[in-house]
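Reviewing the structure listed below.
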Amino acid sequence: MKKRKQRVNSFMVNGLLLFLCLVWTVPTFGLLMTSFRDRDVVSKTGWWTVFTRPDQAELTLDNYEQVLSGKTITLVDSKGNQQTVKGDNLTRAFLNSLTVSIPAVVIPILIASFAAYGFAWMDFPGRKVFFILVVALLVVPLQISLIPLLRDYGRLELTGTFLAIWLAHTGFGLPLSVYLMYNYISQLPRSIIESAIIDGCSHFGVFWKLILPLSVPAIASLAIFQFLWVWNDLLVALVFIGSKPGVEVLTQRLLYLIGSRGQDWHLLCAGAFISMALPLMVFISLQRYFVRGLLAGSVKG
Amino acid sequence: MTQERTEDRLLQKALVGVGRLFFTLFVPVTAFFIFFKIFIFLRDGNAPQLVMTLIAIVWGVGGVAALYFLGYWLISKLSGKWNKSLLPYLFVGPALVILAWYLFIPTLRSLYLSFFNDTSMEFVGLANFLYCFTDEDMLISYRNNLIWLIVGTSFASGFGLLIAILADRSKFEKISKILIFLPMAISFVGAGVIWRFVYEYKPAGEDQIGLLNAIYTAFGGTPQAWLMIQPWNTVFLVFIMVWMWTGYAMVIYSAAIKGVPVSLIEAGRVDGAGEIRIIAAITIPYIKGTIIAVSTTILIITLKIFDIVYTMTGGLFDTDVVASMQYKQMFAQHDFGMGSAIAVLLFIAIIPVMYLNLRQFGQQEGFK
Amino acid sequence: MAGVRLEKIEKTYPNGFKAVHGIDLDIRDGEFMVLVGPSGCAKSTTLRMVAGLEEISGGKVLIGDRLVNDVEPKDRDIAMVFQNYALYPHMTVYKNMSWVLKLKKKPADEIDRRVRQAADILGLTDMLDRKPKQLSGGQMQRVAVGRAIVRSPKVFLFDEPLSNLDAKLRVQMRVEISRLHTKLKNTMIYVTHDQVEAMTMGDRICVMELGRIKQVDTPTNLYRYPANTFVAGFIGSPSMNIVSARLNFDGDTCYVDSQNLHLRIPDDIGKKVRQYDGKAIYFGIRPEHIHARETNPEAADNFFNMEVSVVENMGNEVYLYFTPGNSQYIARIDPDIPVRSGDSHEMWLDTNYIHLFDGETKENLIYKPKTQ
Ligand SMILES: Nc1ncnc2c1ncn2[C@@H]1O[C@H](COP(=O)(O)OP(=O)(O)OP(=O)(O)O)[C@@H](O)[C@H]1O
Ligand SMILES: [Mg+2]
């Protein structure tokens, strides 16, 4: 009797869970399938026909070739028709995204770690006030900064440079970074630091040789956090890069594709998948750290 | 003879002093010069993309680290007392300067600009705010933002809780959690493409390639252009956000649920409570604090939502929200006064959360 | 090597809390000095001021003859062992021990020699390549000590180094540190709140309470001649019975009267407290000086008959608890004497070992302990 009830229970639980998982994954899966389908069929039949009528499934890498390439290329479809198309040059945008992301992840973490160490282990006038400021800024919407910064950047001729966007991401990412790093660094045992100081380390030495190596778990989760945020960001890129073609990042290019090729689903899907590939890889391989970081951050409420 | 020698020595000392001073100034000046040169090269240079990428990364990251070393080097030239009182500011200073430049001062500047006209030349008093509360598009954006806040927060939080509870009882916990969590790694723009495709509409009679219309027509409906049906189109947009942020809520709820003491649940079982009763009467009250925290986080995100609307509809069909209105004021109308005013409204909306954060921080024992 | 001298040192924390109230302490060259006292009495604070980890608000600290108030910790020629070991988790045992020498820019061969020597003394030779995570608590403690040894400092500072170990290991490490002291002959300052550690390890012990020194003396003297009720109660286990009473003289004979007792005091003690006739005092007697009547049948006075409320049998000795009224006495007797709780038993107090303390200052009235 009891057993049966549990079985029904677990059947319902698993059934509902399976349904939700399907709802959550099928849209992405559809995108992935579409990105490999021939451009002629994409707009005529749903992507699920790949499974319902596998004989008509014409899978190809042409879509990727076209969005990645920066030049005009000639594609030959399965019936032998040649077609000349202009590439969308996502390769360049991909590299730009990398150029934006790596320093925009490393710089704030470095600066935040220094600050967190200072707040946690050094005594100076204003320490408390400044940290309260950091906590207050945690939730400030970045929209409030856009216009003043845009004017500053205009004056400094920074708009459209990598430095501009690194600094912007650093500024907007700092409150959370300082907060999370502080939570971690202040939990390290005081005696380890004092021990190093007695051993003859300066604060600077303690920071590089002790704090940074010991903070690797926190840095890892923060790095994933910041990377996802920077790589996926659209607003900051739109505002501070604008439409400078050499600097445009993936999200901007993708947005442009939506605007200019809104119905070319074969290209949009390939482009979207290119923009998702790296964060997904990072995310799946380093999930554990990411979850840990989320949990640490959620304590704040 | 001795006199000469002391003079000699004094001269030598002075020379060494000047030399040191020169050196002390020379190093930072050269360093800044080099940084600047590379910056100009990066801004105007024309090397192959990959090379530029690498140089930019090394320059950006190395430059910041070098700045700290340089600062430390300078400070360690000072005498003990100065060194001691300046060193903390080397650690926290850069962060504070950037925070001040990027968040703190801009808040005040935006407030100031919001009282001026589009070119920021002319004082207009409260005119911008007056417009904000009377303009029809703005009022629609408030309505939409409210839909975002209510539907987005409750559904993301609710689905997260539901899935966390289900997964906790299932053999497939791990895989299902990863699948639900995955959308967090996707950009709003990427998610926009995914869901535009799901909502895609073809006139009746043609094969539907959008998943939603395919299912809808399979059940006998006529195909719909989902993103044009007002005001439901906003709800369709909200679900994209729900899709992305449910994973976040789930992960945190899941950890919280695992923190509920087993003895408590067993006590409930012994008292004869069914599973649903246990969840409602024990689990959920126990993780109430977490539910509030997670909902607050999602609330903040929905309040600032911009990318989804901008990607999916560009604000057409009455889907604009406050943040996208602000963007339009900035870049379509070039009205910095209005843009600032709207940003100030967003800021004001977030003040209660900021207050709660600060209060909680004040109660925290850790920071002495 | 060098002694350490504290002259009127004070510590006020930034929040205004005054933790140390003018401590004077002279630690001789090569001495093993133990700072002991209840939690919060500022033992650590005092030690940390010697180390230079805590700013000195007033007074002077001298190591050898050098005033070190403004000297950086690294230049004080000290080594410190912490309660939680403070090993660098990301470094091997070897690196943990060699790091300090590297920071001091010693030549590589000397570093290696000194590390191996220290490892040899502490039996760590086989573990040099391990990370702290792969060590047991006792081994970690040894590495922490090793890290102090390699630098051959003038002064070793220990802050409750053994309190994270289990009871058995603690005894073992206690002996090892004592042996180390015999071998190295460095000045050592050792903080603990465990009086057994204090009694067994210290050449001298400094008992502290609320940021003040209550007594500094050898373990034997502390036990025999406690300067005040605090030290009397703190040193010894079970602790001394201390009861408020009144001194009364009947001619030249001195009596101590409390709620339940009327004790005659030997004349040589009585002579010293003549001027306290009729005054309120405290008297103290250690549990081992309360005997079962059987052990001394001839005693003519100073016995009493009370109900035993609890009997604790330790095997080699038995503790009896008496709770007349609202006072409590503990006696330590031979396990062969049959006593059961609930019984009344006749006990005898050996007043030759009585301690008398001032009713107000709580200072010892009989012995004037040496001040240093
Ligand atoms: N940073 C600080 N700020 C203010 N008060 C402090 C600080 N550190 C310690 N105190 C206080 O100073 C007193 C002495 O502290 P200390 O750590 O020296 O005690 P202790 O004798 O070592 O105690 P324990 O045996 O628990 O280690 C305590 O009352 C403590 O609360
Ligand atoms: Mg202590």
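In the structure tokens, the first chain shown is A, the next is B, and so on; residue numbers restart at 1 for each chain, and ligands run from 1 in the order shown.
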Can I get the residues close to ligand 2 as a PDB file with N, CA and C atoms, in the first residue's frame, where close means within 9 Å and we count only C-alpha atoms and all ligand atoms?
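The resulting file, part12.pdb, is reproduced below:
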ATOM      1  N   SER C  39      39.283  33.202  30.246  1.00  0.00           N
ATOM      2  CA  SER C  39      39.067  33.764  28.921  1.00  0.00           C
ATOM      3  C   SER C  39      38.766  35.257  29.022  1.00  0.00           C
ATOM      4  N   GLY C  40      39.407  36.020  28.135  1.00  0.00           N
ATOM      5  CA  GLY C  40      39.124  37.443  28.103  1.00  0.00           C
ATOM      6  C   GLY C  40      39.946  38.281  29.053  1.00  0.00           C
ATOM      7  N   CYS C  41      40.952  37.687  29.700  1.00  0.00           N
ATOM      8  CA  CYS C  41      41.718  38.450  30.673  1.00  0.00           C
ATOM      9  C   CYS C  41      42.885  39.188  30.019  1.00  0.00           C
ATOM     10  N   ALA C  42      42.963  39.117  28.700  1.00  0.00           N
ATOM     11  CA  ALA C  42      43.956  39.864  27.922  1.00  0.00           C
ATOM     12  C   ALA C  42      45.313  39.195  27.862  1.00  0.00           C
ATOM     13  N   LYS C  43      45.360  37.904  27.985  1.00  0.00           N
ATOM     14  CA  LYS C  43      46.628  37.187  27.797  1.00  0.00           C
ATOM     15  C   LYS C  43      47.114  37.373  26.367  1.00  0.00           C
ATOM     16  N   SER C  44      46.199  37.092  25.427  1.00  0.00           N
ATOM     17  CA  SER C  44      46.587  37.204  24.024  1.00  0.00           C
ATOM     18  C   SER C  44      46.991  38.630  23.694  1.00  0.00           C
ATOM     19  N   THR C  45      46.201  39.565  24.169  1.00  0.00           N
ATOM     20  CA  THR C  45      46.516  40.961  23.886  1.00  0.00           C
ATOM     21  C   THR C  45      47.931  41.300  24.339  1.00  0.00           C
ATOM     22  N   LEU C  47      50.451  39.243  24.843  1.00  0.00           N
ATOM     23  CA  LEU C  47      51.426  38.536  24.019  1.00  0.00           C
ATOM     24  C   LEU C  47      51.568  39.208  22.655  1.00  0.00           C
ATOM     25  N   GLN C  83      47.283  29.372  17.977  1.00  0.00           N
ATOM     26  CA  GLN C  83      46.372  28.299  18.387  1.00  0.00           C
ATOM     27  C   GLN C  83      45.923  27.443  17.216  1.00  0.00           C
ATOM     28  N   ASP C 159      50.622  31.195  21.634  1.00  0.00           N
ATOM     29  CA  ASP C 159      49.281  31.567  22.072  1.00  0.00           C
ATOM     30  C   ASP C 159      48.384  30.340  22.061  1.00  0.00           C
ATOM     31  N   GLU C 160      48.184  29.756  23.206  1.00  0.00           N
ATOM     32  CA  GLU C 160      47.365  28.560  23.360  1.00  0.00           C
ATOM     33  C   GLU C 160      47.632  27.545  22.256  1.00  0.00           C
ATOM     34  N   VAL C 191      51.058  31.352  26.402  1.00  0.00           N
ATOM     35  CA  VAL C 191      49.734  31.734  26.884  1.00  0.00           C
ATOM     36  C   VAL C 191      48.836  30.511  26.920  1.00  0.00           C
ATOM     37  N   THR C 192      48.117  30.345  27.999  1.00  0.00           N
ATOM     38  CA  THR C 192      47.170  29.242  28.076  1.00  0.00           C
ATOM     39  C   THR C 192      46.089  29.607  29.069  1.00  0.00           C
ATOM     40  N   HIS C 193      44.939  28.946  28.951  1.00  0.00           N
ATOM     41  CA  HIS C 193      43.982  29.132  30.050  1.00  0.00           C
ATOM     42  C   HIS C 193      43.876  27.836  30.838  1.00  0.00           C
TER      43      HIS C 193
END
At a cut-off of 12 Å and counting only C-alpha atoms and all ligand atoms, what residues surround ligand 1? Please answer as an NGL selection string.
(:A and (121 or 123 or 190)) or (:B and (366-368)) or (:C and (10-21 or 35-49 or 53-55 or 82-84 or 158-161 or 163 or 190-195 or 207-213))
Restricting the output to C-alpha atoms, write the selected residues as a compact mmCIF listing (two decimals), in the first residue's frame.
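After the write, result_27.txt holds the following:
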# COMPACT_ATOMS: atom_id res chain seq x y z
CA TRP A 121 42.82 43.43 7.26
CA ASP A 123 42.90 49.83 9.59
CA ARG A 190 43.78 36.20 11.03
CA GLY B 366 31.28 40.68 11.28
CA PHE B 367 32.30 44.20 10.35
CA LYS B 368 33.88 45.95 13.30
CA GLU C 10 48.52 49.41 28.58
CA LYS C 11 46.19 48.62 25.77
CA THR C 12 43.10 50.49 24.77
CA TYR C 13 41.36 49.10 21.71
CA PRO C 14 40.11 51.51 19.07
CA ASN C 15 36.56 50.97 20.28
CA GLY C 16 37.60 52.46 23.62
CA PHE C 17 37.77 49.20 25.51
CA LYS C 18 40.71 49.13 27.89
CA ALA C 19 41.98 45.57 27.83
CA VAL C 20 45.32 45.92 29.64
CA HIS C 21 45.77 48.10 32.72
CA LEU C 35 50.57 33.68 31.10
CA VAL C 36 47.44 32.13 32.47
CA GLY C 37 43.99 33.36 33.30
CA PRO C 38 40.36 32.98 32.39
CA SER C 39 39.07 33.76 28.92
CA GLY C 40 39.12 37.44 28.10
CA CYS C 41 41.72 38.45 30.67
CA ALA C 42 43.96 39.86 27.92
CA LYS C 43 46.63 37.19 27.80
CA SER C 44 46.59 37.20 24.02
CA THR C 45 46.52 40.96 23.89
CA THR C 46 49.61 41.14 26.07
CA LEU C 47 51.43 38.54 24.02
CA ARG C 48 50.46 40.23 20.79
CA MET C 49 51.87 43.50 22.04
CA LEU C 53 50.81 42.65 16.22
CA GLU C 54 48.95 45.01 18.46
CA GLU C 55 49.81 48.65 18.94
CA PHE C 82 49.26 30.29 17.03
CA GLN C 83 46.37 28.30 18.39
CA ASN C 84 45.08 27.32 14.96
CA PHE C 158 52.98 30.71 22.05
CA ASP C 159 49.28 31.57 22.07
CA GLU C 160 47.37 28.56 23.36
CA PRO C 161 49.18 26.29 20.94
CA SER C 163 44.05 23.92 22.78
CA TYR C 190 53.39 30.79 26.66
CA VAL C 191 49.73 31.73 26.88
CA THR C 192 47.17 29.24 28.08
CA HIS C 193 43.98 29.13 30.05
CA ASP C 194 44.71 25.59 31.14
CA GLN C 195 46.24 25.60 34.61
CA VAL C 207 48.24 34.80 36.61
CA MET C 208 46.06 37.47 35.06
CA GLU C 209 42.55 38.70 35.54
CA LEU C 210 40.74 41.44 33.61
CA GLY C 211 43.88 42.96 32.21
CA ARG C 212 45.82 42.98 35.45
CA ILE C 213 48.47 40.70 36.91
Within 12 Å of B:Asn357 using only C-alpha atoms, minus same-chain residues under 6 positions, as number ranges by chain
A: 132-140, 298-301; B: 293, 296-297, 350-351, 363-364
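Within 8 Å of stretch 201-208 of chain B, once only C-alpha atoms are used and residues closer than 2 positions along the same chain are dropped, the contacting residues are Lys44, Thr45 and Gly46 of chain A; Tyr199, Gly210, Leu211, Asn213, Ala214, Thr222, Pro223, Gln224, Ala225 and Trp226 of chain B.
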Give the residues of chain C that lie within 8 Å of chain A; count only C-alpha atoms, and format the answer as a VMD selection string.
chain C and resid 51 53 73 to 75 78 to 80 82 84 to 90 99 to 100 103 to 104
Take the residues from that selection and put them in a file with C-alpha atoms, as a PDB file, in the first residue's frame.
ATOM      1  CA  ALA C  51      54.935  40.349  19.103  1.00  0.00           C
ATOM      2  CA  LEU C  53      50.812  42.645  16.221  1.00  0.00           C
ATOM      3  CA  PRO C  73      57.175  42.496  14.191  1.00  0.00           C
ATOM      4  CA  LYS C  74      59.632  41.069  11.718  1.00  0.00           C
ATOM      5  CA  ASP C  75      62.481  43.039  13.250  1.00  0.00           C
ATOM      6  CA  ILE C  78      60.584  36.740  17.811  1.00  0.00           C
ATOM      7  CA  ALA C  79      58.624  33.765  16.566  1.00  0.00           C
ATOM      8  CA  MET C  80      55.020  33.076  17.287  1.00  0.00           C
ATOM      9  CA  PHE C  82      49.263  30.291  17.026  1.00  0.00           C
ATOM     10  CA  ASN C  84      45.080  27.319  14.962  1.00  0.00           C
ATOM     11  CA  TYR C  85      48.627  26.624  13.720  1.00  0.00           C
ATOM     12  CA  ALA C  86      48.372  29.299  11.000  1.00  0.00           C
ATOM     13  CA  LEU C  87      50.112  27.110   8.458  1.00  0.00           C
ATOM     14  CA  TYR C  88      50.059  28.392   4.899  1.00  0.00           C
ATOM     15  CA  PRO C  89      47.623  25.923   3.332  1.00  0.00           C
ATOM     16  CA  HIS C  90      48.998  26.188  -0.179  1.00  0.00           C
ATOM     17  CA  TRP C  99      59.577  30.683   3.721  1.00  0.00           C
ATOM     18  CA  VAL C 100      60.630  32.921   6.563  1.00  0.00           C
ATOM     19  CA  LEU C 103      62.116  36.293   3.107  1.00  0.00           C
ATOM     20  CA  LYS C 104      65.201  37.051   5.144  1.00  0.00           C
TER      21      LYS C 104
END
Residues of chain A were defined as contacting chain B if any atom lay at most 6 Å from it, counting only C-alpha atoms; please report them as JSON, numbers by chain.
{"A": [13, 45, 46, 99, 103, 107, 111, 114, 115, 118, 136, 143, 144, 145, 148, 171, 232, 272, 276, 279, 280, 301]}
Check stretch 30-275 of chain A with DSSP on the backbone and list each residue it calls helix (DSSP H, G or I), as an MDAnalysis selection string.
chainID A and resid 30:35 39:42 49:52 54:56 62:68 90:121 127:137 143:156 162:185 190:199 203:214 216:232 235:240 250:260 265:275
